[in-house]
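my_file.cif follows; it contains mmCIF, C-alpha atoms.
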data_coords
loop_
_atom_site.label_atom_id
_atom_site.label_comp_id
_atom_site.auth_asym_id
_atom_site.auth_seq_id
_atom_site.Cartn_x
_atom_site.Cartn_y
_atom_site.Cartn_z
CA MET X 184 206.82 6.02 43.94
CA SER X 185 204.04 3.84 45.25
CA THR X 186 204.65 0.63 47.12
CA MET X 187 202.82 -1.30 44.38
CA ILE X 188 205.26 0.02 41.78
CA GLU X 189 208.28 -0.74 43.96
CA LYS X 190 207.09 -4.30 44.60
CA ALA X 191 206.29 -4.88 40.93
CA LYS X 192 209.67 -3.51 39.83
CA GLN X 193 211.47 -5.84 42.23
CA ALA X 194 209.40 -8.79 41.03
CA ILE X 195 210.23 -7.92 37.42
CA LEU X 196 213.93 -7.71 38.26
CA ASP X 197 213.67 -11.07 40.03
CA SER X 198 211.94 -12.68 37.04
CA SER X 199 213.75 -14.28 34.12
CA PRO X 200 214.30 -12.37 30.86
CA ASN X 201 211.81 -14.84 29.31
CA SER X 202 208.98 -13.41 31.43
CA SER X 203 206.29 -11.12 30.02
CA VAL X 204 204.92 -7.94 31.60
CA TYR X 205 201.44 -6.56 30.96
CA ILE X 206 199.81 -3.35 32.19
CA GLY X 207 196.09 -2.65 32.12
CA CYS X 208 193.59 -0.26 33.66
CA ASP X 209 189.82 -0.34 34.05
CA SER X 210 187.25 1.81 35.83
CA ILE X 211 183.72 1.79 37.16
CA ARG X 212 181.42 4.66 38.07
CA PHE X 213 179.74 4.87 41.43
CA ARG X 214 177.67 7.34 43.39
CA LYS X 215 178.60 8.55 46.86
CA ASN X 216 176.91 11.37 48.77
CA LYS X 217 174.94 12.40 45.67
CA MET X 218 178.17 12.80 43.66
CA TRP X 219 179.50 10.59 40.85
CA TYR X 220 182.98 9.10 41.09
CA ALA X 221 185.07 6.67 39.08
CA LYS X 222 187.26 4.03 40.66
CA TYR X 223 190.30 3.30 38.49
CA SER X 224 192.31 0.12 39.03
CA THR X 225 195.67 -0.33 37.36
CA VAL X 226 197.35 -3.73 37.22
CA ILE X 227 200.83 -4.99 36.44
CA ILE X 228 200.98 -8.68 35.52
CA ILE X 229 204.25 -10.59 35.40
CA HIS X 230 203.85 -13.86 33.50
CA MET X 231 206.78 -15.92 34.76
CA ASP X 232 208.89 -17.29 31.91
CA SER X 233 205.80 -16.47 29.76
CA LYS X 234 204.41 -19.90 30.65
CA LYS X 235 204.54 -20.68 34.40
CA GLY X 236 201.81 -18.64 36.04
CA GLY X 237 202.33 -15.15 37.27
CA ARG X 238 202.07 -12.34 39.77
CA LEU X 239 199.55 -9.53 39.79
CA PHE X 240 200.06 -6.13 41.39
CA HIS X 241 197.29 -3.55 41.53
CA THR X 242 196.40 -0.15 42.84
CA SER X 243 193.15 1.79 42.82
CA VAL X 244 192.22 5.44 43.03
CA ASP X 245 188.84 7.21 43.22
CA MET X 246 188.29 10.46 41.30
CA PRO X 247 185.29 12.67 40.63
CA ASP X 248 183.47 11.63 37.44
CA TYR X 249 181.47 14.03 35.31
CA GLY X 250 179.76 11.51 33.07
CA ASN X 251 182.01 11.86 30.03
CA LEU X 252 182.86 8.32 28.88
CA LYS X 253 185.67 9.41 26.56
CA GLN X 254 187.29 11.40 29.37
CA ARG X 255 187.11 8.39 31.70
CA LEU X 256 188.56 6.03 29.08
CA LEU X 257 191.41 8.43 28.42
CA MET X 258 192.10 8.63 32.17
CA GLU X 259 192.49 4.83 32.06
CA VAL X 260 195.04 5.31 29.27
CA GLN X 261 196.84 8.00 31.27
CA LEU X 262 197.11 5.73 34.32
CA ALA X 263 198.37 2.80 32.22
CA VAL X 264 200.95 4.97 30.43
CA SER X 265 202.05 6.53 33.71
CA THR X 266 202.52 3.09 35.27
CA ALA X 267 204.45 1.88 32.22
CA THR X 268 206.71 4.93 32.44
CA GLU X 269 207.48 4.10 36.06
CA ILE X 270 208.54 0.50 35.35
CA ILE X 271 210.03 0.74 31.85
CA ASP X 272 213.56 0.99 33.23
CA VAL X 273 213.40 -2.59 34.58
CA ILE X 274 211.68 -4.28 31.61
CA GLY X 275 214.89 -5.06 29.73
CA ASP X 276 214.29 -7.55 26.93
CA ARG X 277 211.13 -8.96 28.48
CA HIS X 278 207.97 -9.05 26.37
CA PHE X 279 205.95 -5.95 27.35
CA GLU X 280 202.40 -4.89 26.47
CA ILE X 281 199.94 -2.15 27.41
CA HIS X 282 196.29 -3.31 27.38
CA LEU X 283 193.38 -0.89 27.02
CA ASP X 284 189.74 -1.68 27.80
CA ILE X 285 188.59 -0.13 24.53
CA ASN X 286 186.61 -1.80 21.76
CA PRO X 287 187.45 -1.08 18.10
CA ASN X 288 183.90 -2.05 17.08
CA PRO X 289 181.80 1.10 16.47
CA ASN X 290 178.78 -0.69 17.97
CA HIS X 291 180.39 -0.38 21.42
CA LYS X 292 180.48 2.85 23.42
CA SER X 293 184.20 2.56 24.26
CA ASN X 294 184.91 3.01 20.55
CA VAL X 295 184.78 6.80 21.09
CA ALA X 296 188.38 6.82 22.37
CA VAL X 297 190.17 4.30 20.12
CA LYS X 298 192.22 6.69 17.97
CA GLU X 299 193.26 8.99 20.81
CA ALA X 300 194.10 6.09 23.14
CA LEU X 301 196.24 4.24 20.61
CA GLY X 302 197.95 7.49 19.63
CA TRP X 303 198.64 8.36 23.26
CA VAL X 304 200.38 5.05 23.92
CA ARG X 305 202.27 5.17 20.61
CA GLY X 306 203.37 8.76 21.20
CA SER X 307 204.30 8.28 24.87
CA LEU X 308 205.94 4.87 24.79
CA GLY X 309 206.75 4.22 21.13
CA MET X 310 204.74 1.00 21.14
CA ASP X 311 201.31 -0.17 20.05
CA ALA X 312 198.73 -0.93 22.73
CA LYS X 313 196.49 -3.99 22.66
CA ILE X 314 192.75 -3.36 22.62
CA LYS X 315 189.75 -5.69 22.85
CA PRO X 316 189.61 -8.62 22.32
CA SER X 317 193.39 -8.90 22.93
CA ALA X 318 193.58 -6.76 26.08
CA PHE X 319 193.20 -9.30 28.89
CA ALA X 320 195.18 -7.25 31.43
CA ALA X 321 192.54 -4.51 31.20
CA THR X 322 189.38 -6.43 30.34
CA HIS X 323 189.87 -9.25 32.83
CA ALA X 324 192.55 -8.53 35.44
CA ALA X 325 191.93 -4.79 35.94
CA ASP X 326 188.18 -5.33 35.64
CA HIS X 327 188.38 -7.91 38.45
CA ALA X 328 190.56 -5.60 40.55
CA VAL X 329 188.24 -2.61 40.18
CA ARG X 330 185.16 -4.65 41.07
CA HIS X 331 186.45 -7.04 43.73
CA LEU X 332 189.89 -6.24 45.17
CA THR X 333 189.38 -2.76 46.62
#
Could you quickly redo this structure as structure tokens?
Amino acid sequence: MSTMIEKAKQAILDSSPNSSVYIGCDSIRFRKNKMWYAKYSTVIIIHMDSKKGGRLFHTSVDMPDYGNLKQRLLMEVQLAVSTATEIIDVIGDRHFEIHLDINPNPNHKSNVAVKEALGWVRGSLGMDAKIKPSAFAATHAADHAVRHLT
């Protein structure tokens, strides 16, 4: 288990049952030594008492990227679901959401993965994921982490 997960789990346990927990993931493509890669950043946000500010934990990983947007979006889903699976045992009665950086509007490219992504979260965790415009953990926090924190 990663240090980020351990620290987040302890922070969740230390938070009140009125706190909320959000998980999101985002990615960006980059080129290095003539090869394409994607940097994936996953965040866990604990909103203290669901009103008092919060704590953000993040981790990033670089992987080869082959230019398939749907594949990259589904890797974001995999990382978010995997992170949720690692912390679910300490959530208790806290409000808990998975946020995906996917747009339901067919005019946006990320629309290619909506059905599979929502199904993956529903099938893996038994809950509905939030997507744009309601997915701030992915579209804002994870986006900031992937671009600025690592």
Report task. Given the file shown, enumerate the residues that the PyMOL selection byres ((chain X and resi 235) around 12) captures and present them as a list in words. Result ->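 Applied to this file, the PyMOL selection byres ((chain X and resi 235) around 12) selects Ser198, Ser199, Asn201, Ser202, Ser203, Ile229, His230, Met231, Asp232, Ser233, Lys234, Gly236, Gly237 and Arg238 of chain X.
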Requested in this report: Convert the output of the PyMOL selection byres ((chain X and resi 258) around 12) on the shown file into explicit residues, formatted as JSON, numbers by chain.
Outcome: {"X": [207, 208, 209, 210, 211, 221, 222, 223, 224, 225, 244, 245, 246, 247, 248, 251, 252, 253, 254, 255, 256, 257, 259, 260, 261, 262, 263, 264, 265, 283, 284, 296, 299, 300, 303]}
Generate the output file for the selected residues, C-alpha atoms, as a PDB file, in the frame of the given file.
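Produced file out-v6.pdb, reproduced below:
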ATOM      1  CA  GLY X 207     196.090  -2.650  32.120  1.00  0.00           C
ATOM      2  CA  CYS X 208     193.590  -0.260  33.660  1.00  0.00           C
ATOM      3  CA  ASP X 209     189.820  -0.340  34.050  1.00  0.00           C
ATOM      4  CA  SER X 210     187.250   1.810  35.830  1.00  0.00           C
ATOM      5  CA  ILE X 211     183.720   1.790  37.160  1.00  0.00           C
ATOM      6  CA  ALA X 221     185.070   6.670  39.080  1.00  0.00           C
ATOM      7  CA  LYS X 222     187.260   4.030  40.660  1.00  0.00           C
ATOM      8  CA  TYR X 223     190.300   3.300  38.490  1.00  0.00           C
ATOM      9  CA  SER X 224     192.310   0.120  39.030  1.00  0.00           C
ATOM     10  CA  THR X 225     195.670  -0.330  37.360  1.00  0.00           C
ATOM     11  CA  VAL X 244     192.220   5.440  43.030  1.00  0.00           C
ATOM     12  CA  ASP X 245     188.840   7.210  43.220  1.00  0.00           C
ATOM     13  CA  MET X 246     188.290  10.460  41.300  1.00  0.00           C
ATOM     14  CA  PRO X 247     185.290  12.670  40.630  1.00  0.00           C
ATOM     15  CA  ASP X 248     183.470  11.630  37.440  1.00  0.00           C
ATOM     16  CA  ASN X 251     182.010  11.860  30.030  1.00  0.00           C
ATOM     17  CA  LEU X 252     182.860   8.320  28.880  1.00  0.00           C
ATOM     18  CA  LYS X 253     185.670   9.410  26.560  1.00  0.00           C
ATOM     19  CA  GLN X 254     187.290  11.400  29.370  1.00  0.00           C
ATOM     20  CA  ARG X 255     187.110   8.390  31.700  1.00  0.00           C
ATOM     21  CA  LEU X 256     188.560   6.030  29.080  1.00  0.00           C
ATOM     22  CA  LEU X 257     191.410   8.430  28.420  1.00  0.00           C
ATOM     23  CA  GLU X 259     192.490   4.830  32.060  1.00  0.00           C
ATOM     24  CA  VAL X 260     195.040   5.310  29.270  1.00  0.00           C
ATOM     25  CA  GLN X 261     196.840   8.000  31.270  1.00  0.00           C
ATOM     26  CA  LEU X 262     197.110   5.730  34.320  1.00  0.00           C
ATOM     27  CA  ALA X 263     198.370   2.800  32.220  1.00  0.00           C
ATOM     28  CA  VAL X 264     200.950   4.970  30.430  1.00  0.00           C
ATOM     29  CA  SER X 265     202.050   6.530  33.710  1.00  0.00           C
ATOM     30  CA  LEU X 283     193.380  -0.890  27.020  1.00  0.00           C
ATOM     31  CA  ASP X 284     189.740  -1.680  27.800  1.00  0.00           C
ATOM     32  CA  ALA X 296     188.380   6.820  22.370  1.00  0.00           C
ATOM     33  CA  GLU X 299     193.260   8.990  20.810  1.00  0.00           C
ATOM     34  CA  ALA X 300     194.100   6.090  23.140  1.00  0.00           C
ATOM     35  CA  TRP X 303     198.640   8.360  23.260  1.00  0.00           C
TER      36      TRP X 303
END
Name the residues in contact with Ile314 of chain X at a cut-off of 10 Å, using all atoms listed in the file, excluding same-chain residues fewer than 3 positions from it; report them as a tab-separated table (two decimals) with C-alpha atoms, in the frame of the given file.
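Result went into part-v1.tsv, see below:
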chain	number	residue	atom	x	y	z
X	281	ILE	CA	199.94	-2.15	27.41
X	282	HIS	CA	196.29	-3.31	27.38
X	283	LEU	CA	193.38	-0.89	27.02
X	284	ASP	CA	189.74	-1.68	27.80
X	285	ILE	CA	188.59	-0.13	24.53
X	286	ASN	CA	186.61	-1.80	21.76
X	287	PRO	CA	187.45	-1.08	18.10
X	297	VAL	CA	190.17	4.30	20.12
X	300	ALA	CA	194.10	6.09	23.14
X	301	LEU	CA	196.24	4.24	20.61
X	311	ASP	CA	201.31	-0.17	20.05
X	317	SER	CA	193.39	-8.90	22.93
X	318	ALA	CA	193.58	-6.76	26.08
X	319	PHE	CA	193.20	-9.30	28.89
X	320	ALA	CA	195.18	-7.25	31.43
X	321	ALA	CA	192.54	-4.51	31.20
X	322	THR	CA	189.38	-6.43	30.34
Query raised in the report: What residues come out when you apply the PyMOL selection byres ((chain X and resi 331) around 12) to this file, written as a PyMOL selection string?
Result: chain X and resi 210-211+222+224+241+243+323-330+332-333
Query raised in the report: Between atom CA of Asp276 of chain X and atom CA of Met187 of chain X, what is the spacing in Å?
Result: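 Atom CA of Met187 of chain X sits 21.8 Å away from atom CA of Asp276 of chain X.
In this structure, atom CA of Leu196 of chain X sits 6.3 Å away from atom CA of Val273 of chain X.
Minimum atom-to-atom distance to Pro316 of chain X, evaluated using only C-alpha atoms, belongs to X:Asn288 out of X:Lys215, X:Lys298, X:Glu280, X:Asn288.
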Report task. Around the point (209.7, -2.0, 35.0) in the file's coordinates, collect all residues with an atom within 10 Å, using all atoms listed in the file, and return them as number ranges by chain. Result -> X: 188-189, 191-196, 204, 227, 266-275, 277, 279
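Picture a line from atom CA of Ile228 of chain X to atom CA of Thr242 of chain X; it runs 12.1 Å.
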As a PDB file, in the frame of the given file, could you write out segment 284-295 of chain X once it has been completed with all heavy atoms?
ATOM      1  N   ASP X 284     191.107  -1.148  27.796  1.00  0.00           N
ATOM      2  CA  ASP X 284     189.740  -1.680  27.800  1.00  0.00           C
ATOM      3  C   ASP X 284     188.877  -0.854  26.839  1.00  0.00           C
ATOM      4  O   ASP X 284     187.930  -0.190  27.239  1.00  0.00           O
ATOM      5  CB  ASP X 284     189.176  -1.626  29.227  1.00  0.00           C
ATOM      6  CG  ASP X 284     187.862  -2.370  29.349  1.00  0.00           C
ATOM      7  OD1 ASP X 284     187.656  -3.330  28.589  1.00  0.00           O
ATOM      8  OD2 ASP X 284     187.047  -1.994  30.208  1.00  0.00           O
ATOM      9  N   ILE X 285     189.257  -0.906  25.569  1.00  0.00           N
ATOM     10  CA  ILE X 285     188.590  -0.130  24.530  1.00  0.00           C
ATOM     11  C   ILE X 285     188.273  -1.055  23.369  1.00  0.00           C
ATOM     12  O   ILE X 285     189.103  -1.888  22.986  1.00  0.00           O
ATOM     13  CB  ILE X 285     189.495   1.045  24.069  1.00  0.00           C
ATOM     14  CG1 ILE X 285     189.652   2.027  25.240  1.00  0.00           C
ATOM     15  CG2 ILE X 285     188.939   1.728  22.833  1.00  0.00           C
ATOM     16  CD1 ILE X 285     190.570   3.173  24.974  1.00  0.00           C
ATOM     17  N   ASN X 286     187.070  -0.919  22.815  1.00  0.00           N
ATOM     18  CA  ASN X 286     186.610  -1.800  21.760  1.00  0.00           C
ATOM     19  C   ASN X 286     186.692  -1.102  20.406  1.00  0.00           C
ATOM     20  O   ASN X 286     186.139  -0.010  20.248  1.00  0.00           O
ATOM     21  CB  ASN X 286     185.171  -2.235  22.041  1.00  0.00           C
ATOM     22  CG  ASN X 286     184.792  -3.482  21.290  1.00  0.00           C
ATOM     23  OD1 ASN X 286     185.099  -3.624  20.111  1.00  0.00           O
ATOM     24  ND2 ASN X 286     184.132  -4.399  21.978  1.00  0.00           N
ATOM     25  N   PRO X 287     187.359  -1.707  19.419  1.00  0.00           N
ATOM     26  CA  PRO X 287     187.450  -1.080  18.100  1.00  0.00           C
ATOM     27  C   PRO X 287     186.133  -1.119  17.311  1.00  0.00           C
ATOM     28  O   PRO X 287     185.980  -0.408  16.321  1.00  0.00           O
ATOM     29  CB  PRO X 287     188.526  -1.904  17.394  1.00  0.00           C
ATOM     30  CG  PRO X 287     188.445  -3.252  18.041  1.00  0.00           C
ATOM     31  CD  PRO X 287     188.070  -2.982  19.483  1.00  0.00           C
ATOM     32  N   ASN X 288     185.171  -1.918  17.773  1.00  0.00           N
ATOM     33  CA  ASN X 288     183.900  -2.050  17.080  1.00  0.00           C
ATOM     34  C   ASN X 288     183.030  -0.818  17.348  1.00  0.00           C
ATOM     35  O   ASN X 288     182.731  -0.505  18.491  1.00  0.00           O
ATOM     36  CB  ASN X 288     183.198  -3.325  17.573  1.00  0.00           C
ATOM     37  CG  ASN X 288     181.903  -3.614  16.847  1.00  0.00           C
ATOM     38  OD1 ASN X 288     181.216  -2.707  16.385  1.00  0.00           O
ATOM     39  ND2 ASN X 288     181.565  -4.882  16.769  1.00  0.00           N
ATOM     40  N   PRO X 289     182.617  -0.112  16.295  1.00  0.00           N
ATOM     41  CA  PRO X 289     181.800   1.100  16.470  1.00  0.00           C
ATOM     42  C   PRO X 289     180.465   0.865  17.166  1.00  0.00           C
ATOM     43  O   PRO X 289     179.831   1.809  17.623  1.00  0.00           O
ATOM     44  CB  PRO X 289     181.574   1.609  15.048  1.00  0.00           C
ATOM     45  CG  PRO X 289     182.417   0.804  14.153  1.00  0.00           C
ATOM     46  CD  PRO X 289     182.918  -0.391  14.910  1.00  0.00           C
ATOM     47  N   ASN X 290     180.033  -0.392  17.281  1.00  0.00           N
ATOM     48  CA  ASN X 290     178.780  -0.690  17.970  1.00  0.00           C
ATOM     49  C   ASN X 290     178.922  -0.619  19.495  1.00  0.00           C
ATOM     50  O   ASN X 290     177.939  -0.731  20.208  1.00  0.00           O
ATOM     51  CB  ASN X 290     178.272  -2.090  17.584  1.00  0.00           C
ATOM     52  CG  ASN X 290     177.872  -2.155  16.120  1.00  0.00           C
ATOM     53  OD1 ASN X 290     177.470  -1.161  15.536  1.00  0.00           O
ATOM     54  ND2 ASN X 290     178.012  -3.322  15.522  1.00  0.00           N
ATOM     55  N   HIS X 291     180.146  -0.456  19.982  1.00  0.00           N
ATOM     56  CA  HIS X 291     180.390  -0.380  21.420  1.00  0.00           C
ATOM     57  C   HIS X 291     180.764   1.046  21.809  1.00  0.00           C
ATOM     58  O   HIS X 291     181.489   1.735  21.100  1.00  0.00           O
ATOM     59  CB  HIS X 291     181.495  -1.359  21.830  1.00  0.00           C
ATOM     60  CG  HIS X 291     181.102  -2.783  21.633  1.00  0.00           C
ATOM     61  ND1 HIS X 291     180.441  -3.505  22.595  1.00  0.00           N
ATOM     62  CD2 HIS X 291     181.237  -3.603  20.563  1.00  0.00           C
ATOM     63  CE1 HIS X 291     180.194  -4.725  22.134  1.00  0.00           C
ATOM     64  NE2 HIS X 291     180.665  -4.805  20.907  1.00  0.00           N
ATOM     65  N   LYS X 292     180.273   1.470  22.979  1.00  0.00           N
ATOM     66  CA  LYS X 292     180.480   2.850  23.420  1.00  0.00           C
ATOM     67  C   LYS X 292     181.955   3.211  23.588  1.00  0.00           C
ATOM     68  O   LYS X 292     182.348   4.348  23.353  1.00  0.00           O
ATOM     69  CB  LYS X 292     179.737   3.108  24.723  1.00  0.00           C
ATOM     70  CG  LYS X 292     178.228   3.114  24.566  1.00  0.00           C
ATOM     71  CD  LYS X 292     177.541   3.357  25.896  1.00  0.00           C
ATOM     72  CE  LYS X 292     176.033   3.351  25.725  1.00  0.00           C
ATOM     73  NZ  LYS X 292     175.357   3.525  27.015  1.00  0.00           N
ATOM     74  N   SER X 293     182.783   2.244  24.013  1.00  0.00           N
ATOM     75  CA  SER X 293     184.200   2.560  24.260  1.00  0.00           C
ATOM     76  C   SER X 293     184.953   2.867  22.966  1.00  0.00           C
ATOM     77  O   SER X 293     186.097   3.320  23.005  1.00  0.00           O
ATOM     78  CB  SER X 293     184.888   1.412  25.000  1.00  0.00           C
ATOM     79  OG  SER X 293     184.942   0.239  24.218  1.00  0.00           O
ATOM     80  N   ASN X 294     184.309   2.681  21.832  1.00  0.00           N
ATOM     81  CA  ASN X 294     184.910   3.010  20.550  1.00  0.00           C
ATOM     82  C   ASN X 294     185.237   4.508  20.414  1.00  0.00           C
ATOM     83  O   ASN X 294     186.103   4.880  19.631  1.00  0.00           O
ATOM     84  CB  ASN X 294     183.966   2.559  19.414  1.00  0.00           C
ATOM     85  CG  ASN X 294     184.506   2.869  18.054  1.00  0.00           C
ATOM     86  OD1 ASN X 294     184.182   3.890  17.468  1.00  0.00           O
ATOM     87  ND2 ASN X 294     185.343   1.981  17.556  1.00  0.00           N
ATOM     88  N   VAL X 295     184.595   5.352  21.214  1.00  0.00           N
ATOM     89  CA  VAL X 295     184.780   6.800  21.090  1.00  0.00           C
ATOM     90  C   VAL X 295     186.221   7.248  21.342  1.00  0.00           C
ATOM     91  O   VAL X 295     186.603   8.347  20.952  1.00  0.00           O
ATOM     92  CB  VAL X 295     183.856   7.610  22.041  1.00  0.00           C
ATOM     93  CG1 VAL X 295     182.398   7.367  21.726  1.00  0.00           C
ATOM     94  CG2 VAL X 295     184.167   7.333  23.497  1.00  0.00           C
TER      95      VAL X 295
END
